[in-house]
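entry-v5.txt follows; it contains compact mmCIF, C-alpha atoms and all ligand atoms.
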# COMPACT_ATOMS: atom_id res chain seq x y z
CA MET A 19 46.78 86.21 125.35
CA SER A 20 49.71 83.90 126.02
CA ARG A 21 47.76 80.91 124.81
CA ARG A 22 47.05 82.70 121.58
CA LEU A 23 50.73 83.48 121.31
CA SER A 24 51.73 79.86 121.66
CA ARG A 25 49.30 78.84 118.94
CA ARG A 26 50.95 81.15 116.43
CA GLN A 27 53.52 79.66 114.13
CA ARG A 28 57.00 79.86 115.60
CA GLY A 29 59.01 82.57 113.83
CA SER A 30 56.03 83.91 111.93
CA ASN A 31 55.29 87.59 111.57
CA ASN A 32 52.04 87.20 113.45
CA ARG A 33 53.80 85.51 116.33
CA ARG A 34 56.35 88.32 116.57
CA LYS A 35 53.62 90.96 116.52
CA GLN A 36 51.68 89.09 119.13
CA GLY A 37 54.83 88.85 121.29
CA VAL A 38 55.38 92.60 121.12
CA ARG A 39 51.76 93.15 122.06
CA VAL A 40 52.05 90.85 125.09
CA ALA A 41 55.25 92.58 126.23
CA ARG A 42 53.58 95.96 125.91
CA ILE A 43 50.61 94.86 128.00
CA HIS A 44 52.93 93.42 130.69
CA ALA A 45 54.87 96.70 130.81
CA LYS A 46 51.65 98.65 131.11
CA VAL A 47 50.39 96.45 133.95
CA ALA A 48 53.73 96.80 135.77
CA ALA A 49 53.71 100.60 135.40
CA ARG A 50 50.15 100.79 136.64
CA ARG A 51 51.00 98.61 139.64
CA LEU A 52 54.04 100.74 140.51
CA ASP A 53 51.90 103.87 140.32
CA HIS A 54 49.29 102.26 142.55
CA HIS A 55 51.96 101.14 145.05
CA HIS A 56 53.41 104.66 145.17
CA LYS A 57 50.02 106.14 145.97
CA LEU A 58 49.19 103.44 148.49
CA SER A 59 52.54 103.65 150.30
CA THR A 60 52.52 107.46 150.39
CA GLY A 61 49.01 107.43 151.83
CA ILE A 62 49.96 104.94 154.54
CA ALA A 63 53.32 106.57 155.37
CA ASP A 64 51.62 109.96 155.71
CA ARG A 65 49.13 108.62 158.22
CA TYR A 66 51.08 106.07 160.25
CA ARG A 67 54.44 106.05 161.91
CA LEU A 68 54.56 102.34 162.55
CA VAL A 69 53.45 99.72 160.09
CA ALA A 70 53.69 96.02 160.85
CA VAL A 71 53.54 93.56 157.99
CA GLU A 72 53.74 89.85 157.57
CA ASP A 73 57.13 88.78 156.41
CA ASN A 74 55.60 86.56 153.74
CA LEU A 75 58.42 87.01 151.32
CA THR A 76 60.93 85.08 153.38
CA GLY A 77 58.65 82.88 155.45
CA LEU A 78 56.78 80.89 152.88
CA GLY A 79 59.35 79.38 150.60
CA ALA A 80 58.12 78.57 147.14
CA GLY A 81 54.58 77.58 148.05
CA ARG A 82 51.37 78.72 146.45
CA LEU A 83 50.92 81.62 148.83
CA ALA A 84 54.47 82.84 148.23
CA ARG A 85 53.72 82.83 144.53
CA ASN A 86 50.60 84.89 145.06
CA VAL A 87 52.52 87.31 147.21
CA HIS A 88 55.15 87.72 144.51
CA ASP A 89 52.51 88.03 141.84
CA ALA A 90 50.87 90.83 143.74
CA GLY A 91 54.21 92.66 143.92
CA TRP A 92 54.29 92.89 147.66
CA GLY A 93 58.07 93.07 147.73
CA GLN A 94 57.83 96.28 145.75
CA LEU A 95 55.11 97.68 147.99
CA TYR A 96 57.08 96.85 151.15
CA ARG A 97 60.22 98.53 149.78
CA LEU A 98 58.36 101.70 148.85
CA LEU A 99 56.57 101.74 152.17
CA GLU A 100 59.76 101.17 154.13
CA TYR A 101 61.70 104.06 152.64
CA LYS A 102 58.76 106.45 152.82
CA LEU A 103 58.17 105.58 156.47
CA GLU A 104 61.86 106.04 157.26
CA GLU A 105 61.91 109.38 155.45
CA ARG A 106 59.18 110.51 157.83
CA GLY A 107 60.84 109.08 160.91
CA GLY A 108 58.65 105.99 160.93
CA ARG A 109 59.31 102.33 160.62
CA LEU A 110 58.21 99.18 158.84
CA VAL A 111 58.32 96.09 161.03
CA ARG A 112 58.23 92.63 159.49
CA VAL A 113 56.88 89.82 161.62
CA ASP A 114 56.68 86.07 161.30
CA PRO A 115 53.21 85.41 159.89
CA ARG A 116 52.74 82.04 161.60
CA GLY A 117 49.54 81.87 163.63
CA THR A 118 48.39 85.40 162.86
CA SER A 119 45.28 84.31 161.00
CA GLN A 120 44.23 81.56 163.42
CA THR A 121 44.77 83.28 166.75
CA CYS A 122 42.07 85.33 168.43
CA SER A 123 43.27 88.91 168.74
CA ARG A 124 41.25 89.36 171.94
CA CYS A 125 41.86 86.23 174.03
CA ALA A 126 44.72 84.54 172.12
CA ALA A 127 42.79 81.28 171.70
CA HIS A 128 43.68 79.21 168.68
CA ASN A 129 40.76 78.67 166.30
CA PRO A 130 41.46 76.50 163.30
CA HIS A 131 39.99 78.69 160.66
CA ASP A 132 38.92 78.18 157.11
CA LEU A 133 40.53 81.03 155.20
CA SER A 134 37.69 81.12 152.71
CA HIS A 135 35.53 82.70 155.43
CA ARG A 136 35.69 86.48 155.56
CA THR A 137 34.69 86.48 159.21
CA TYR A 138 36.77 85.25 162.10
CA THR A 139 34.88 83.67 164.99
CA CYS A 140 36.49 82.77 168.31
CA HIS A 141 34.96 79.74 170.00
CA ALA A 142 36.57 80.65 173.31
CA CYS A 143 35.53 84.28 173.84
CA GLY A 144 32.92 84.79 171.14
CA LEU A 145 34.78 87.46 169.21
CA VAL A 146 33.39 87.96 165.72
CA MET A 147 35.53 90.10 163.47
CA ASP A 148 36.61 90.56 159.88
CA ARG A 149 39.32 87.95 159.45
CA ASP A 150 41.82 90.46 158.02
CA VAL A 151 41.32 92.94 160.84
CA ASN A 152 41.80 90.13 163.36
CA ALA A 153 45.01 89.07 161.61
CA ALA A 154 46.20 92.69 161.38
CA LYS A 155 45.73 93.13 165.13
CA ASN A 156 47.79 89.99 165.73
CA ILE A 157 50.51 91.19 163.37
CA LEU A 158 50.76 94.50 165.13
CA ALA A 159 50.72 92.92 168.59
CA LYS A 160 53.47 90.58 167.43
CA ALA A 161 55.52 93.53 166.23
CA PHE A 162 55.26 95.10 169.66
CA ARG A 163 56.01 91.82 171.41
CA THR A 164 58.93 90.59 169.40
CA GLN A 165 60.41 93.26 167.18
CA LEU A 166 60.33 96.65 168.78
CA PRO A 167 63.40 97.42 170.84
CA ARG A 168 61.82 98.43 174.11
CA GLU A 169 65.19 99.36 175.59
CA THR A 170 65.76 102.19 173.12
CA GLY A 171 62.43 103.72 174.04
CA LYS A 172 62.05 104.94 170.48
CA VAL A 173 58.75 103.34 169.75
CA THR A 174 56.72 101.87 172.56
CA PRO A 175 53.06 100.96 172.83
CA ALA A 176 52.59 103.68 175.43
CA GLU A 177 54.03 106.32 173.17
CA THR A 178 51.97 105.46 170.15
CA GLY A 179 48.72 104.66 171.86
CA GLY A 180 49.26 100.93 172.09
CA PRO A 181 47.81 98.01 170.17
CA SER A 182 44.53 98.37 172.03
CA ALA A 183 43.98 101.94 170.91
CA GLY A 184 41.46 100.66 168.40
CA THR A 185 43.00 102.37 165.42
CA LEU A 186 44.01 99.27 163.57
CA LEU A 187 43.31 98.78 159.94
CA ALA A 188 43.90 96.10 157.38
CA GLU A 189 44.31 98.36 154.42
CA VAL A 190 46.80 96.64 152.23
CA PRO A 191 45.18 94.31 149.72
CA VAL A 192 44.98 90.67 150.68
CA THR A 193 46.35 87.72 148.79
CA GLU A 194 44.10 85.18 147.15
CA ALA A 195 44.90 82.79 149.96
CA GLY A 196 43.44 85.36 152.30
CA THR A 197 46.32 86.35 154.50
CA SER A 198 46.17 89.85 155.79
CA ALA A 199 48.98 92.14 154.80
CA ALA A 200 49.41 94.69 157.48
CA GLY A 201 48.67 95.80 160.95
CA LEU A 202 48.59 99.55 160.80
CA LEU A 203 48.63 101.64 163.91
CA ASN A 204 47.67 105.26 164.02
CA PRO A 205 50.28 106.94 166.23
CA ALA A 206 48.24 110.10 166.72
ZN ZN B 301 38.86 84.85 171.66

What does this structure look like when you write it as structure tokens?
Ligand SMILES: [Zn+2]
Amino acid sequence: MSRRLSRRQRGSNNRRKQGVRVARIHAKVAARRLDHHHKLSTGIADRYRLVAVEDNLTGLGAGRLARNVHDAGWGQLYRLLEYKLEERGGRLVRVDPRGTSQTCSRCAAHNPHDLSHRTYTCHACGLVMDRDVNAAKNILAKAFRTQLPRETGKVTPAETGGPSAGTLLAEVPVTEAGTSAAGLLNPA
């Protein structure tokens, strides 16, 4: 569409019409994405009290992955999710994404891992798992380890069932580069 636009004569009627058409399509895509993010975030906030996500938006600078993350509108999704969780007494925790896709969620071994593979395999303990679920477990464990204020006693692993409760999901869509978005823990 954009290529067609650039081929049109500058200032011509056709070019203007084409420009309006492109703008309309962009607006439609944005509205559809917002609607989707509202549904997704409401669904997650209704089911989970604690959601841990990779803090991709600040951690990756202007690299290719950061671009993908922005393109997918994750900032918007995180904002919606955060306020909906807080409305319900829950919390969104952002963690440093480093190592979350390469570390084994069972034995903590480091396995250099080709992100094009959907399956994560640990050469130390033999764990075979969907790569996004493995990353989600690491993200959640990291949230418990580094972010949650244990001293306040507000949210502790014991209270919510703990990272080993087996209720983890990787529900939020993944980026093209394959990094998992969220570790979700069912507090029930
Ligand atoms: Zn392992």

Exercise. Once you count all atoms listed in the file, which residues end up within 12 Å of ligand ZN 301 (chain B), and could you hand them over as a list in words?
Worked result: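 I would give the residues around ligand ZN 301 (chain B) as Gln120, Thr121, Cys122, Ser123, Arg124, Cys125, Ala126, Ala127, His128, Asn129, Tyr138, Thr139, Cys140, His141, Ala142, Cys143, Gly144, Leu145, Val146, Met147, Asn152 and Asn156 of chain A.
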
Exercise. Of the candidates A:Val113, A:Leu103, A:Leu52, A:Val40, which shows the shortest atom-to-atom distance to A:Glu72, using all atoms listed in the file?
Worked result: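 Once distances to A:Glu72 are computed over all atoms listed in the file, the minimum belongs to A:Val113.
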
Exercise. Which value, in Å to one decimal, gives the distance between atom CA of A:Ala159 and atom CA of A:Gly91?
Worked result: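 Separating atom CA of A:Ala159 from atom CA of A:Gly91 is a distance of 24.9 Å.
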
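The interatomic distance for the pair atom CA of A:Arg136 and atom CA of A:Asp148 works out to 6.0 Å.
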
Exercise. How far is it from atom CA of A:Val111 to atom CA of A:Leu133, in Å with one decimal?
Worked result: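 These two atoms are separated by 24.0 Å.
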
Problem set entry | Counting all atoms listed in the file, the option among A:Val151, A:Leu99, A:Ala161, A:Leu110 closest to A:His55 | A:Leu99

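Between A:Lys160 and the residues A:Arg106, A:His131, A:Asp73, A:Gln94, the shortest atom-to-atom distance, using all atoms listed in the file, involves A:Asp73.
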
Problem set entry | Neighbour list for A:Gly107 as a PyMOL selection string, cut-off 10 Å, all atoms listed in the file, skip fewer than 5 positions in-chain | chain A and resi 63+67-68+101-102

Problem set entry | Close residues, A:Leu95 itself excluded, 10 Å, only C-alpha atoms, min 5 positions apart in chain, as a ChimeraX atom specification | /A:51-52,54-56,58-59,90,100,190

May I have the selected residues written with C-alpha atoms, as an mmCIF file, in the frame of the given file?
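New file part.cif:
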data_model
loop_
_atom_site.group_PDB
_atom_site.id
_atom_site.type_symbol
_atom_site.label_atom_id
_atom_site.label_comp_id
_atom_site.auth_asym_id
_atom_site.auth_seq_id
_atom_site.Cartn_x
_atom_site.Cartn_y
_atom_site.Cartn_z
ATOM 1 C CA ARG A 51 51.000 98.610 139.640
ATOM 2 C CA LEU A 52 54.040 100.740 140.510
ATOM 3 C CA HIS A 54 49.290 102.260 142.550
ATOM 4 C CA HIS A 55 51.960 101.140 145.050
ATOM 5 C CA HIS A 56 53.410 104.660 145.170
ATOM 6 C CA LEU A 58 49.190 103.440 148.490
ATOM 7 C CA SER A 59 52.540 103.650 150.300
ATOM 8 C CA ALA A 90 50.870 90.830 143.740
ATOM 9 C CA GLU A 100 59.760 101.170 154.130
ATOM 10 C CA VAL A 190 46.800 96.640 152.230
#
